[in-house]
Number of protein chains: 4
Amino acid sequence: MSFNTFGHLFRFTSFGESHGAAIGCVVDGCPPRIPITAEEIQRDLDKRRPGQSRFTTQRQEPDAVKILSGVFTDEATGLQVTTGTPIMLLIENVDQRSKDYSDIKDKYRPGHAGYVYDVKYGITDYRGGGRSSARETAARVAAGALARKVVPGMSVRAALVQIGPHKIDRSRWDWNEVDNNPFFCPDPVQAKFYEQYLDGVRKSGSSIGAVIEVVADGVPAGLGAPVYGKLDAEIAAALMSINAVKGVEIGDGFETATMSGEDNADEMQMGNANKPVFLSNHAGGILGGISTGQQIVARFAVKPTSSILTPKRTVDRYGNNTEIMTKGRHDPCVGIRAVPIAEAMLACVLADHYLMHRGQVGEGVAWPFEKR
Amino acid sequence: MSFNTFGHLFRFTSFGESHGAAIGCVVDGCPPRIPITAEEIQRDLDKRRPGQSRFTTQRQEPDAVKILSGVFTDEATGLQVTTGTPIMLLIENVDQRSKDYSDIKDKYRPGHAGYVYDVKYGITDYRGGGRSSARETAARVAAGALARKVVPGMSVRAALVQIGPHKIDRSRWDWNEVDNNPFFCPDPVQAKFYEQYLDGVRKSGSSIGAVIEVVADGVPAGLGAPVYGKLDAEIAAALMSINAVKGVEIGDGFETATMSGEDNADEMQMGNANKPVFLSNHAGGILGGISTGQQIVARFAVKPTSSILTPKRTVDRYGNNTEIMTKGRHDPCVGIRAVPIAEAMLACVLADHYLMHRGQVGEGVAWPFEKR
Amino acid sequence: MSFNTFGHLFRFTSFGESHGAAIGCVVDGCPPRIPITAEEIQRDLDKRRPGQSRFTTQRQEPDAVKILSGVFTDEATGLQVTTGTPIMLLIENVDQRSKDYSDIKDKYRPGHAGYVYDVKYGITDYRGGGRSSARETAARVAAGALARKVVPGMSVRAALVQIGPHKIDRSRWDWNEVDNNPFFCPDPVQAKFYEQYLDGVRKSGSSIGAVIEVVADGVPAGLGAPVYGKLDAEIAAALMSINAVKGVEIGDGFETATMSGEDNADEMQMGNANKPVFLSNHAGGILGGISTGQQIVARFAVKPTSSILTPKRTVDRYGNNTEIMTKGRHDPCVGIRAVPIAEAMLACVLADHYLMHRGQVGEGVAWPFEKR
Amino acid sequence: MSFNTFGHLFRFTSFGESHGAAIGCVVDGCPPRIPITAEEIQRDLDKRRPGQSRFTTQRQEPDAVKILSGVFTDEATGLQVTTGTPIMLLIENVDQRSKDYSDIKDKYRPGHAGYVYDVKYGITDYRGGGRSSARETAARVAAGALARKVVPGMSVRAALVQIGPHKIDRSRWDWNEVDNNPFFCPDPVQAKFYEQYLDGVRKSGSSIGAVIEVVADGVPAGLGAPVYGKLDAEIAAALMSINAVKGVEIGDGFETATMSGEDNADEMQMGNANKPVFLSNHAGGILGGISTGQQIVARFAVKPTSSILTPKRTVDRYGNNTEIMTKGRHDPCVGIRAVPIAEAMLACVLADHYLMHRGQVGEGVAWPFEKR
C-alpha cells in the first residue's frame, strides 16, 4: 500500500486526476489464463457511474474502459485471457468542460483535501478534486473486476444499510432488491423511504452520511496472516482508503465492545463434507487475522460531503479568511456510490491474500488431521 | 505490512510465540542519532505488562527488554543513540512453566485462532496462543518507544473510553487520571464504576468488550498520501492488527453516517503564526488521507475474550464434536491492555509517514503562498 | 522490484507488449514541483528509438510520449510541474502492421523467452517478443527522464566501450563524440572501426555482443544502505534487468579479482571545501553499499541477439523437434540501444536512494566532525 | 530489498554488528512443516566460520545458532518443523575482547565504509567494521539453510574458481574436492598452487581478489518474471550485496560481449519425459528473466581487502590528513569465505521466486501443449 499501489502479489497502481486526460490503473501479478473482456469490466464500472439517478452527482462520464495490455487470445478456447503480464486499464476523461474554477482555485473547501495538498506538495490540481476526486475509484472498480475472478467460487457483494440515522430492517434483506433502487439498498421498504428522505436533503442543499456493508462468500479458510498481514487489517485499510470513509468494522464490529464473551463466541460443530460449521458469525469470518471459511463481513461509514449550499468560513491559499459555498453539481449522499467500490476493494484484498497464501503454503492442508 | 513486518521506511519485524524462548522485533529504517536506552523502552513495556491488577491476566512476565544491536555511544554527547542500522529488541520468555495443555492441544477454543492455524499451516504452536498470544504485542510496544522519538514534538496518548455499554463522560476527561486507575480511564468517576462492574464480570467467569481512543498531538500537516497510502488507511490497518480488535474509526467515525454536511464540516480561520486553525475536528486530523496539523484521533473496539468459564461447543483437530471451557488464568476485559499497544501502533504509523513524507517532499513547503 | 514495479520511494510500474495497443509506465513517488514537459521526455526517448541507423532494428516507431496525469501548471512560474501524484506516461504503438507470425508462433527461438513464458504462464503473446520486447525499455527511458531531475546537480551518462572483442581506447574518451556516431561510442577512432566491423556482422546475418559503461556525476555521498539495500546491489539489479544483459560490474569490477589490496585501495586526502578527495576510484564511487561522493561507475555486458540468419535446432510448443531461422528485421548489435536505457535505470536507482536517504536521515550530516 | 530485509515472500531481516551483543535474522514467510534443526543450520554456518585455516581471519567465533521462534514438534513425525511464523535465528557474539580501537576509531581505512557511515548517519560503530563486518553474513548463511529446503529437489553449490589472475582448470572440476582444501576449490591441482601463492600474499602483508561460481541444480522452469522481477536481476542484487563483491555475471556473462549470436545460442531438442533439453547453457539457466529448467550458473568477483600492512594515506573524522596501516588479524583473500555465503544468497532468491511463482500461477502448466 505504497502511495498509489495497492496489494502485494495481486497489485494495482492507479493514476489520474478528475479533469486530466485520463484515469486508470495497471494490474500486476494477476494469474494467467483468466478470461476477461472490456465488456465485463465495463459492467462493474457502469454500476459505479455517476449521473444515473438524481441522488448522485450529475457529472456525465461514460467511463469507457480499454484494456491496453496483458491480454491475448487463448488458442485452446478462443477467449481473450490474461497472460500474467501487467494489465493496463485506461479510462479517458470526457466531461472536462471548461469550467470556472476561480472560486475553489484559491479557497479551501471544508472537508476537502485542498489545504493538505498545498501544505504537503506546494501545488494542487484543484479541478474537480484532482487526485482526490471520486473518479479515481473507477480505477479500483476496474481492478476489482479482475480480482473477482482470481479466487475460484468467490462472490463479493455490497449493499447500503443506513442513510443518516435510518438503518434498514435486516429481516427484509433481499439481495435481489439491491439493483432495483438507486441506493443499492437490500430493503425495499426502506429504499422507498430513502427516496423521500434524500429528496429533502437534496432540496435543502444539504448532505448526509451512510453505512455500507460488504460481504464475500466462498472464501476458503486459511487466507491472511497472524500479525501485521492480518486479513482484517488489510480489509480495514482497503475500505478506509475509499474517499470519505471514517470508520470500518468486521463482523459485529463496535457492537462487540458491549458484548459478553458468551454472546460473542462463535461455536463450532462438524458439518457436511468433513468441514466444521460455525453456529454464528460474530467474527465476520476472520479469526486471528485468518479467514475461517465463513462469510467475510465488513461495514464502513461514509461521511456526508461538505459540498453543500450553505456558506462556510474558510481560508485561502494566501492566508486570508474568507467564505465558500458549493455551486452547481451536488451529491446529497456520496455513500451510495461507494457500494461497487467496496466490492472491488474487498475482492482485491481477497485475491491478493489468496495468491500470498498459495505462495507460502501451496495447495493447502488436509483437515481434519488423522489421529496417531 | 507483509506477514510480520510493519511499515515502509520505519519498519519493524516481530517474532516469537507465547511459550517459546523469546519474543521481540527488529526495528529497521530508524533515523540515526536518536537517544534511546533500554530503560526508556522498559517504561512503555511496563505499562503493557500483565498481572498489574486483578482485571488483567495474572501471567507474570517481567518483559525485560534488551537492545542487542543498532545503538552506540555518541561521542559528542556521551548518550547511547541509534546508528541508523537495525535495532534488535529482545524479550526473553520467563514464565514458561510446564503446563498441562492436553485440553486445548486438540480442541479449538471459540474466538481463538487454533482452527485457522491448523487449516492454513497444518501445524500450530498451541501453547498459550502461540503467535497469536497478546505477548506478541510487547514487541510492538518496544518498537513504538522508538517511533515516538522520530517525529519532533509529537506525543501519542491513549485511553479507555468504554467498557461494555458503559461509556465515560467526556466532560470529565482528565489525562492525568489515566495512570491513576487500572483501566487507563480518563474519567475518574467512571473508573470507580468499572472496578465494581468488572469485578462482577470476573466473578461470573464472563468477559466484556471495550473501546479505546488514541490521539496524537504535534503531528505536522502533510503526512500521508492521497490514495492507498492514506494516513487513515494505515492507521486503520495498524489498529485492526491488534489482537481482538473488530472496528476502527477516525475522528467522528461511524457517527458521521448520521451527520449532515453542515454539522460535519470543519471550518477554518487563520490563527497565529500564519497557520490556519480548524474550528472543529470531526475529521480526526486527516483530510484526503493527509494530516491537517490538528490532533489525530482514532478509536477502536476490542471484543470480549472468549476464554470464559462457560462450556462451549466446539470441534477438535480430528473432526469430532466436543466441548471446551477455559480454566485458570482469565482476563475479564482484554481491551484494557490494548491501551499502550494502540499508542505504539499509532506512533509507528506516524513515524513511518513522517519519514516517507520527508523522503518525497523534503523539508516542506512555505505556506501560505505569496500571491502573484 | 516486484514483477513490473521498479523502485521503493521513486517507483515506476511499466506495462505493454511489443504489438499491443500501447506501452508506458506510471511513475509514483516523484517529488512535487519538478518542471517537466513531454518534449523533454521525448528527447531521451528519441535517443533510444530504433531505426536511426543501419546498425539497429529497422522497426519504425515514433515512440511519441504523452503525459496523462500528475502534472499541473505552477502558478508561480507558469511552468508545467509534477504535483506529487502518479505520472502516467503513455506511448501508443503505431507500427503494428499485420505480420505473418506463423513461424515464430509455435517455434521457440533460441535465446528468446518464448519457451519460459509458455512453461510459466501457459500462454504467450508471441508477437514481436511480447512483454520481453525491447520496446518495454522505452517506458524505462521515459521514467528515467523524470528521475534525472530528482537529484540536484546529478548527471548520468553512458557510452558503449566494447563491441565483440574490440574495446575502445580509453585514452581517446571524449563524451562529445558519443552523439557523433551511431554507437554512442566515446572513441571516434574505434567508432569508425565499428562501422566496418558491424557492417560485416550484419551482412553475414550474424550478431555480436557489447559492453556499455554508465556513470553518474554529482551524486552526493551517503546514498545507499549497508546490507541488502546496498546502492551497488540495486544498480546491479537495475542493469541486469535490461534485456540481454548477462554481467554487471561496479568500478574496477571483475578486474579487482586480480588486484592486490595495495593496488585496489582508494586513498583519501582532504580537498577543497572541507571535503575529502579520493586519489583513485577503483571502487566506482561506492563503499559498503553507500555512495562516496565520487563518480558512480558501472559496466555491463549485452549478449548478441540470437535472431540470426543461420538455422538453429529448436522445439515447438507441441513438443516436436524443428528448426528456426530469423527473417526480416535483424539487429546486429542490440547492445547499442542499451546505452540510453542504462542511463535511465541508473538515474532511477539514484533518485530512489536519494529520496530514501532523505527520508531516513533528513537533510544530512555536517562533516567533518568537531573534535571534543 | 529494503535496507535490512531481503526477499519478497520468503524474506529475512538481519541485524547486528561485529562487536555488539549478537547478530542474527528473522526469516519470515517460510512455508510451514519444513523439518529443521539448529544442528542443520550450524553445519552451514561452520563452513563459513573464520579461523579454520591460516588463509582466513583468525578471529575465533563459535557462531553457535539458536532457533528462538517459529518451530514446533510435528505430532505426526516427531520432527521439529517450521510453523509458518517468523523464525528467529540468533548468534551471540563471543569474541568481543576489549581491543584497542584508538587507531581506526578516528581514521578511515581505504576501502572500508567508515567514511560513508559517518557522512550518512553522523555516527559509526567502528568496532570491527560494525554493521559492514563479514560477521553479518552469518545471518545470511543461517537463512539460506532454511531456503535450501523450500524448493523440492534443489541443490545449491559454490566453488572458488580464481584467485588473483590464477583461474582453475575447469576440466579438472570435481565437486568432491571442494571440501578437501581450505579454498573451496574444485580443482585439486590449482588448490595446491593456491596454498603456496596465498602464503606469499599473506607473508608480504598484502591481499588478493577472487572469483566464485555458484550453481543451482534442480530448479524448475518458470521461476522469475519478465521485467524488473527478473530472476537474474535478483540474483545479481543478492550476490552484489555480499561484502567486497564488485561484479556479477550469469551464464557466460561478460564473455558474451565477445560472442556471436551463433555461438551464444542455446539450441533445444526434445528429451526424455516430454521435456526439452538445451544443447548448451550459455544463458546460465535463465532466459527473459525466467528459469529454463537448466542449471542456474552465476559468478562474482570479490575485491582484495584493503586491510593490508602497507601504510596508506587517508583522512580522519575531523578533516585531517593522516596515514593508516592495518595491524593484527589479516585476511589475505576474503573471497574464500564468500563461498558458503553465495550458496545461501542464491538459495534465498530461488526459494523466494519459487513461492512467488506458486502464488501467481499455482501448481503450474502442463507442457507441451496439445495441438488443436
# chains A, B, ... in the order shown; residues from 1 in each chain; ligands from 1
>>> interface_residues(of="chain D", to="chain B", cutoff="8 Å", atoms="only C-alpha atoms", output="PyMOL selection string")
chain D and resi 3-4+13-17+20-23+26+28-29+32-33+68-70+72+74+83-88+121-125+131
>>> write_last_selection(atoms="C-alpha atoms", output="short mmCIF file (atom, residue, chain, number, x, y, z; two decimals), in the first residue's frame")
data_model
loop_
_atom_site.label_atom_id
_atom_site.label_comp_id
_atom_site.auth_asym_id
_atom_site.auth_seq_id
_atom_site.Cartn_x
_atom_site.Cartn_y
_atom_site.Cartn_z
CA PHE D 3 17.62 -1.71 3.94
CA ASN D 4 17.97 -4.87 6.03
CA THR D 13 15.69 -9.34 8.10
CA SER D 14 19.15 -9.33 9.59
CA PHE D 15 20.61 -7.32 12.43
CA GLY D 16 23.77 -6.99 14.45
CA GLU D 17 27.21 -5.50 14.48
CA GLY D 20 27.74 -5.92 19.55
CA ALA D 21 25.88 -8.42 21.69
CA ALA D 22 24.63 -10.63 18.87
CA ILE D 23 23.85 -10.95 15.20
CA VAL D 26 14.26 -13.23 11.36
CA ASP D 28 9.54 -14.61 7.52
CA GLY D 29 7.21 -16.23 5.00
CA PRO D 32 5.20 -24.49 7.22
CA ARG D 33 6.10 -28.10 8.03
CA LEU D 68 14.19 -18.76 19.19
CA SER D 69 10.82 -18.99 17.43
CA GLY D 70 8.81 -20.37 14.54
CA PHE D 72 7.37 -26.75 16.79
CA ASP D 74 5.14 -32.11 14.33
CA THR D 83 5.18 -23.44 11.68
CA GLY D 84 4.80 -20.73 9.03
CA THR D 85 5.51 -17.99 11.58
CA PRO D 86 8.77 -15.99 11.86
CA ILE D 87 11.88 -17.99 12.59
CA MET D 88 14.31 -16.09 14.75
CA TYR D 121 24.50 8.68 9.63
CA GLY D 122 26.75 11.02 11.60
CA ILE D 123 27.79 8.11 13.79
CA THR D 124 29.56 4.79 13.29
CA ASP D 125 30.02 1.68 15.34
CA ARG D 131 27.36 -3.48 10.51
#
>>> residues_around(residues="Gly209 in chain A", least_positions_apart="2", cutoff="9 Å", atoms="only C-alpha atoms", output="list of chain:residue names")
A:Gln162, A:Ile163, A:Gly164, A:Pro165, A:Ser207, A:Val211, A:Ala301, A:Val302, A:Lys303, A:Pro304, A:Thr305, A:Pro332, A:Cys333, A:Val334, A:Gly335, B:Glu255, B:Thr256, B:Ala257, B:Thr258, B:Met259, B:Ser260, B:Gly261
>>> write_last_selection(atoms="all heavy atoms", output="CSV table (one decimal), in the first residue's frame")
chain,number,residue,atom,x,y,z
A,162,GLN,N,-27.6,1.9,5.7
A,162,GLN,CA,-28.0,3.0,6.6
A,162,GLN,C,-27.8,4.3,5.8
A,162,GLN,O,-26.7,4.5,5.2
A,162,GLN,CB,-27.2,3.0,7.9
A,162,GLN,CG,-27.6,4.1,8.9
A,162,GLN,CD,-26.7,4.0,10.2
A,162,GLN,OE1,-26.2,2.9,10.5
A,162,GLN,NE2,-26.6,5.1,10.9
A,163,ILE,N,-28.8,5.3,5.9
A,163,ILE,CA,-28.5,6.6,5.4
A,163,ILE,C,-28.9,7.5,6.6
A,163,ILE,O,-30.0,7.4,7.1
A,163,ILE,CB,-29.4,7.0,4.2
A,163,ILE,CG1,-28.9,6.2,3.0
A,163,ILE,CG2,-29.2,8.5,3.9
A,163,ILE,CD1,-29.6,6.5,1.7
A,164,GLY,N,-28.0,8.4,7.0
A,164,GLY,CA,-28.3,9.2,8.2
A,164,GLY,C,-28.6,8.3,9.3
A,164,GLY,O,-27.9,7.3,9.5
A,165,PRO,N,-29.5,8.6,10.1
A,165,PRO,CA,-29.8,7.7,11.3
A,165,PRO,C,-30.7,6.5,10.9
A,165,PRO,O,-31.0,5.7,11.8
A,165,PRO,CB,-30.6,8.7,12.3
A,165,PRO,CG,-31.2,9.7,11.4
A,165,PRO,CD,-30.4,9.8,10.1
A,207,SER,N,-26.4,17.5,2.9
A,207,SER,CA,-25.9,16.2,2.5
A,207,SER,C,-26.0,15.3,3.8
A,207,SER,O,-26.1,15.9,4.9
A,207,SER,CB,-24.5,16.3,2.0
A,207,SER,OG,-23.6,16.7,3.0
A,211,VAL,N,-24.0,4.1,5.7
A,211,VAL,CA,-23.2,3.0,6.1
A,211,VAL,C,-23.4,1.9,5.0
A,211,VAL,O,-24.5,1.7,4.6
A,211,VAL,CB,-23.6,2.4,7.5
A,211,VAL,CG1,-22.8,1.1,7.8
A,211,VAL,CG2,-23.3,3.4,8.6
A,301,ALA,N,-18.5,3.4,7.4
A,301,ALA,CA,-19.3,4.6,7.4
A,301,ALA,C,-18.7,5.6,6.5
A,301,ALA,O,-17.5,5.8,6.4
A,301,ALA,CB,-19.2,5.2,8.8
A,302,VAL,N,-19.6,6.3,5.7
A,302,VAL,CA,-19.1,7.3,4.8
A,302,VAL,C,-19.7,8.6,5.3
A,302,VAL,O,-20.9,8.8,5.5
A,302,VAL,CB,-19.7,7.0,3.4
A,302,VAL,CG1,-19.1,8.0,2.4
A,302,VAL,CG2,-19.4,5.6,3.0
A,303,LYS,N,-18.8,9.6,5.4
A,303,LYS,CA,-19.3,10.9,5.9
A,303,LYS,C,-20.1,11.6,4.9
A,303,LYS,O,-20.0,11.3,3.7
A,303,LYS,CB,-18.0,11.7,6.4
A,303,LYS,CG,-17.2,12.3,5.2
A,303,LYS,CD,-16.1,13.2,5.7
A,303,LYS,CE,-15.2,13.7,4.5
A,303,LYS,NZ,-14.1,14.5,5.0
A,304,PRO,N,-20.9,12.6,5.3
A,304,PRO,CA,-21.6,13.4,4.3
A,304,PRO,C,-20.6,14.3,3.6
A,304,PRO,O,-19.6,14.8,4.2
A,304,PRO,CB,-22.5,14.3,5.2
A,304,PRO,CG,-21.8,14.4,6.5
A,304,PRO,CD,-21.1,13.1,6.7
A,305,THR,N,-20.8,14.6,2.3
A,305,THR,CA,-19.9,15.5,1.6
A,305,THR,C,-20.1,16.9,2.2
A,305,THR,O,-21.2,17.3,2.6
A,305,THR,CB,-20.2,15.5,0.1
A,305,THR,OG1,-19.4,16.5,-0.5
A,305,THR,CG2,-21.6,15.9,-0.2
A,332,PRO,N,-26.1,14.5,-2.7
A,332,PRO,CA,-26.6,14.5,-1.3
A,332,PRO,C,-26.1,13.4,-0.5
A,332,PRO,O,-26.0,13.6,0.8
A,332,PRO,CB,-28.1,14.4,-1.6
A,332,PRO,CG,-28.3,13.9,-2.9
A,332,PRO,CD,-27.1,14.3,-3.7
A,333,CYS,N,-25.7,12.3,-1.1
A,333,CYS,CA,-25.2,11.2,-0.2
A,333,CYS,C,-24.1,10.4,-1.0
A,333,CYS,O,-24.4,9.5,-1.8
A,333,CYS,CB,-26.4,10.3,0.1
A,333,CYS,SG,-25.9,8.9,1.2
A,334,VAL,N,-22.9,10.8,-0.8
A,334,VAL,CA,-21.8,10.2,-1.6
A,334,VAL,C,-21.6,8.7,-1.2
A,334,VAL,O,-21.0,8.0,-1.9
A,334,VAL,CB,-20.4,10.9,-1.4
A,334,VAL,CG1,-20.5,12.3,-2.0
A,334,VAL,CG2,-20.1,11.1,0.1
A,335,GLY,N,-22.2,8.3,-0.1
A,335,GLY,CA,-22.0,6.9,0.3
A,335,GLY,C,-22.6,5.9,-0.7
A,335,GLY,O,-22.1,4.8,-0.8
B,255,GLU,N,-20.3,7.9,13.6
B,255,GLU,CA,-21.2,8.9,13.9
B,255,GLU,C,-21.4,9.8,12.6
B,255,GLU,O,-22.5,10.3,12.4
B,255,GLU,CB,-20.7,9.8,15.0
B,255,GLU,CG,-21.6,10.8,15.6
B,255,GLU,CD,-22.8,10.1,16.3
B,255,GLU,OE1,-22.7,9.0,16.7
B,255,GLU,OE2,-23.9,10.8,16.3
B,256,THR,N,-20.4,9.9,11.8
B,256,THR,CA,-20.6,10.8,10.6
B,256,THR,C,-21.7,10.2,9.7
B,256,THR,O,-22.2,11.0,8.9
B,256,THR,CB,-19.3,10.9,9.8
B,256,THR,OG1,-18.9,9.6,9.3
B,256,THR,CG2,-18.2,11.5,10.6
B,257,ALA,N,-22.0,9.0,9.8
B,257,ALA,CA,-23.0,8.4,8.9
B,257,ALA,C,-24.4,9.1,9.2
B,257,ALA,O,-25.2,9.2,8.3
B,257,ALA,CB,-23.2,6.9,9.1
B,258,THR,N,-24.5,9.6,10.4
B,258,THR,CA,-25.8,10.2,10.8
B,258,THR,C,-25.8,11.7,10.7
B,258,THR,O,-26.7,12.4,11.0
B,258,THR,CB,-26.2,9.8,12.2
B,258,THR,OG1,-25.2,10.4,13.1
B,258,THR,CG2,-26.1,8.3,12.4
B,259,MET,N,-24.7,12.2,10.3
B,259,MET,CA,-24.5,13.7,10.3
B,259,MET,C,-24.8,14.3,9.0
B,259,MET,O,-24.6,13.7,7.9
B,259,MET,CB,-23.1,14.0,10.7
B,259,MET,CG,-22.8,13.7,12.2
B,259,MET,SD,-21.0,13.7,12.6
B,259,MET,CE,-20.7,15.5,12.7
B,260,SER,N,-25.2,15.6,9.0
B,260,SER,CA,-25.3,16.4,7.8
B,260,SER,C,-24.0,17.0,7.4
B,260,SER,O,-23.1,17.2,8.3
B,260,SER,CB,-26.4,17.5,8.0
B,260,SER,OG,-25.8,18.4,8.9
B,261,GLY,N,-23.9,17.4,6.2
B,261,GLY,CA,-22.7,18.1,5.7
B,261,GLY,C,-22.4,19.4,6.5
B,261,GLY,O,-21.2,19.7,6.7
>>> residues_around(residues="Val315 in chain A", least_positions_apart="5", cutoff="8 Å", atoms="only C-alpha atoms", output="number ranges by chain")
A: 107-108, 320-323; B: 268-270, 276
>>> residues_around(residues="Gln190 in chain D", least_positions_apart="5", cutoff="9 Å", atoms="only C-alpha atoms", output="PDB file with N, CA, C and O atoms, in the first residue's frame")
ATOM      1  N   HIS D 166      44.914 -16.211 -11.301  1.00  0.00           N
ATOM      2  CA  HIS D 166      45.066 -17.657 -11.482  1.00  0.00           C
ATOM      3  C   HIS D 166      43.723 -18.372 -11.461  1.00  0.00           C
ATOM      4  O   HIS D 166      43.142 -18.599 -10.393  1.00  0.00           O
ATOM      5  N   LYS D 167      43.231 -18.740 -12.635  1.00  0.00           N
ATOM      6  CA  LYS D 167      41.970 -19.464 -12.752  1.00  0.00           C
ATOM      7  C   LYS D 167      42.195 -20.961 -12.553  1.00  0.00           C
ATOM      8  O   LYS D 167      43.284 -21.471 -12.802  1.00  0.00           O
ATOM      9  N   ILE D 168      41.166 -21.636 -12.177  1.00  0.00           N
ATOM     10  CA  ILE D 168      41.268 -23.093 -12.122  1.00  0.00           C
ATOM     11  C   ILE D 168      41.210 -23.653 -13.539  1.00  0.00           C
ATOM     12  O   ILE D 168      40.852 -22.957 -14.481  1.00  0.00           O
ATOM     13  N   ASP D 169      41.561 -24.904 -13.668  1.00  0.00           N
ATOM     14  CA  ASP D 169      41.374 -25.640 -14.925  1.00  0.00           C
ATOM     15  C   ASP D 169      40.025 -26.349 -14.825  1.00  0.00           C
ATOM     16  O   ASP D 169      39.869 -27.295 -14.057  1.00  0.00           O
ATOM     17  N   CYS D 185      37.966 -25.031  -3.451  1.00  0.00           N
ATOM     18  CA  CYS D 185      38.398 -25.063  -4.843  1.00  0.00           C
ATOM     19  C   CYS D 185      38.140 -26.446  -5.448  1.00  0.00           C
ATOM     20  O   CYS D 185      38.549 -27.457  -4.877  1.00  0.00           O
ATOM     21  N   GLU D 195      47.778 -22.640  -2.231  1.00  0.00           N
ATOM     22  CA  GLU D 195      48.341 -22.691  -0.892  1.00  0.00           C
ATOM     23  C   GLU D 195      49.662 -21.902  -0.849  1.00  0.00           C
ATOM     24  O   GLU D 195      49.850 -21.022  -0.010  1.00  0.00           O
TER      25      GLU D 195
END
>>> residues_around(residues="range 48-55 of chain C", least_positions_apart="4", cutoff="9 Å", atoms="only C-alpha atoms", output="list in words")
Asp44, Arg59, Gln60, Glu61, Pro62, Asp63, Thr137, Ala138, Val141, Pro182, Phe183, Glu195, Leu198, Asp199, Arg202, His330, Asp331, Pro332, Cys333, Val334, Ile336, Arg337, Ala338, Val339, Pro340 and Ile341 of chain C
>>> select_by_dssp(residues="range 185-289 of chain A", states="strand (DSSP E)", output="PyMOL selection string")
chain A and resi 210-217+245-250+268-270+276-278+286-287
>>> write_last_selection(atoms="N, CA, C and O atoms", output="CSV table (one decimal), in the first residue's frame")
chain,number,residue,atom,x,y,z
A,210,ALA,N,-23.7,7.7,5.4
A,210,ALA,CA,-24.3,6.4,5.1
A,210,ALA,C,-23.4,5.3,5.6
A,210,ALA,O,-22.2,5.6,6.0
A,211,VAL,N,-24.0,4.1,5.7
A,211,VAL,CA,-23.2,3.0,6.1
A,211,VAL,C,-23.4,1.9,5.0
A,211,VAL,O,-24.5,1.7,4.6
A,212,ILE,N,-22.3,1.3,4.6
A,212,ILE,CA,-22.3,0.2,3.6
A,212,ILE,C,-21.8,-1.1,4.2
A,212,ILE,O,-20.9,-1.1,5.0
A,213,GLU,N,-22.4,-2.2,3.8
A,213,GLU,CA,-22.0,-3.5,4.2
A,213,GLU,C,-21.5,-4.2,3.0
A,213,GLU,O,-22.1,-4.2,2.0
A,214,VAL,N,-20.4,-4.9,3.2
A,214,VAL,CA,-19.8,-5.7,2.1
A,214,VAL,C,-19.5,-7.1,2.6
A,214,VAL,O,-18.9,-7.2,3.7
A,215,VAL,N,-19.9,-8.1,1.8
A,215,VAL,CA,-19.7,-9.5,2.2
A,215,VAL,C,-19.0,-10.3,1.1
A,215,VAL,O,-19.2,-10.0,-0.1
A,216,ALA,N,-18.3,-11.3,1.4
A,216,ALA,CA,-17.7,-12.2,0.5
A,216,ALA,C,-18.1,-13.6,0.8
A,216,ALA,O,-17.9,-14.0,2.0
A,217,ASP,N,-18.7,-14.3,-0.1
A,217,ASP,CA,-19.0,-15.7,0.1
A,217,ASP,C,-18.0,-16.6,-0.7
A,217,ASP,O,-17.5,-16.1,-1.7
A,245,VAL,N,-14.6,7.7,3.8
A,245,VAL,CA,-14.8,6.7,4.8
A,245,VAL,C,-14.2,7.1,6.1
A,245,VAL,O,-13.0,7.5,6.1
A,246,LYS,N,-14.9,7.0,7.2
A,246,LYS,CA,-14.4,7.4,8.5
A,246,LYS,C,-14.4,6.2,9.5
A,246,LYS,O,-13.9,6.4,10.7
A,247,GLY,N,-15.0,5.1,9.2
A,247,GLY,CA,-15.0,4.0,10.1
A,247,GLY,C,-15.1,2.7,9.4
A,247,GLY,O,-15.8,2.6,8.4
A,248,VAL,N,-14.5,1.6,10.0
A,248,VAL,CA,-14.6,0.3,9.4
A,248,VAL,C,-14.8,-0.7,10.5
A,248,VAL,O,-14.2,-0.6,11.6
A,249,GLU,N,-15.6,-1.7,10.2
A,249,GLU,CA,-15.8,-2.8,11.2
A,249,GLU,C,-15.9,-4.1,10.5
A,249,GLU,O,-16.3,-4.2,9.4
A,250,ILE,N,-15.5,-5.1,11.3
A,250,ILE,CA,-15.5,-6.5,10.8
A,250,ILE,C,-16.5,-7.3,11.7
A,250,ILE,O,-16.4,-7.2,12.9
A,268,MET,N,-18.5,-24.0,17.2
A,268,MET,CA,-18.3,-24.8,16.0
A,268,MET,C,-18.9,-26.2,16.3
A,268,MET,O,-18.9,-26.7,17.4
A,269,GLN,N,-19.3,-26.8,15.2
A,269,GLN,CA,-19.7,-28.2,15.1
A,269,GLN,C,-19.3,-28.8,13.8
A,269,GLN,O,-19.2,-28.0,12.8
A,270,MET,N,-19.1,-30.1,13.7
A,270,MET,CA,-18.8,-30.7,12.4
A,270,MET,C,-20.0,-30.6,11.5
A,270,MET,O,-21.2,-30.9,12.0
A,276,PRO,N,-15.9,-28.1,9.4
A,276,PRO,CA,-16.6,-27.5,10.6
A,276,PRO,C,-17.6,-26.5,10.2
A,276,PRO,O,-17.5,-25.8,9.2
A,277,VAL,N,-18.7,-26.4,10.9
A,277,VAL,CA,-19.7,-25.3,10.7
A,277,VAL,C,-19.7,-24.4,12.0
A,277,VAL,O,-19.6,-24.9,13.1
A,278,PHE,N,-19.7,-23.1,11.7
A,278,PHE,CA,-19.8,-22.2,12.9
A,278,PHE,C,-21.3,-21.9,13.1
A,278,PHE,O,-22.0,-21.7,12.2
A,286,ILE,N,-13.4,-14.0,10.2
A,286,ILE,CA,-12.0,-13.9,10.4
A,286,ILE,C,-11.6,-14.1,11.8
A,286,ILE,O,-12.2,-13.5,12.7
A,287,LEU,N,-10.7,-15.0,12.1
A,287,LEU,CA,-10.1,-15.2,13.5
A,287,LEU,C,-8.6,-15.1,13.4
A,287,LEU,O,-8.0,-15.7,12.6
>>> closest_atom_pairs(of="range 288-331 of chain B", to="range 151-154 of chain B", cutoff="12 Å", atoms="only C-alpha atoms", output="CSV")
residue,atom,partner,partner_atom,distance
B:Gly293,CA,B:Met154,CA,11.0
B:Gln294,CA,B:Met154,CA,11.6
B:Gln295,CA,B:Met154,CA,10.1
B:Ile296,CA,B:Met154,CA,10.7
>>> write_last_selection(atoms="C-alpha atoms", output="compact mmCIF listing (two decimals), in the first residue's frame")
# COMPACT_ATOMS: atom_id res chain seq x y z
CA GLY B 293 -1.97 19.58 11.64
CA GLN B 294 -4.84 19.05 14.07
CA GLN B 295 -4.92 16.33 16.70
CA ILE B 296 -5.11 12.86 15.13
>>> closest_residue(among="A:Asn243, A:Asp266, A:Pro186, A:Asp352", to="Val161 in chain A", atoms="only C-alpha atoms")
A:Pro186
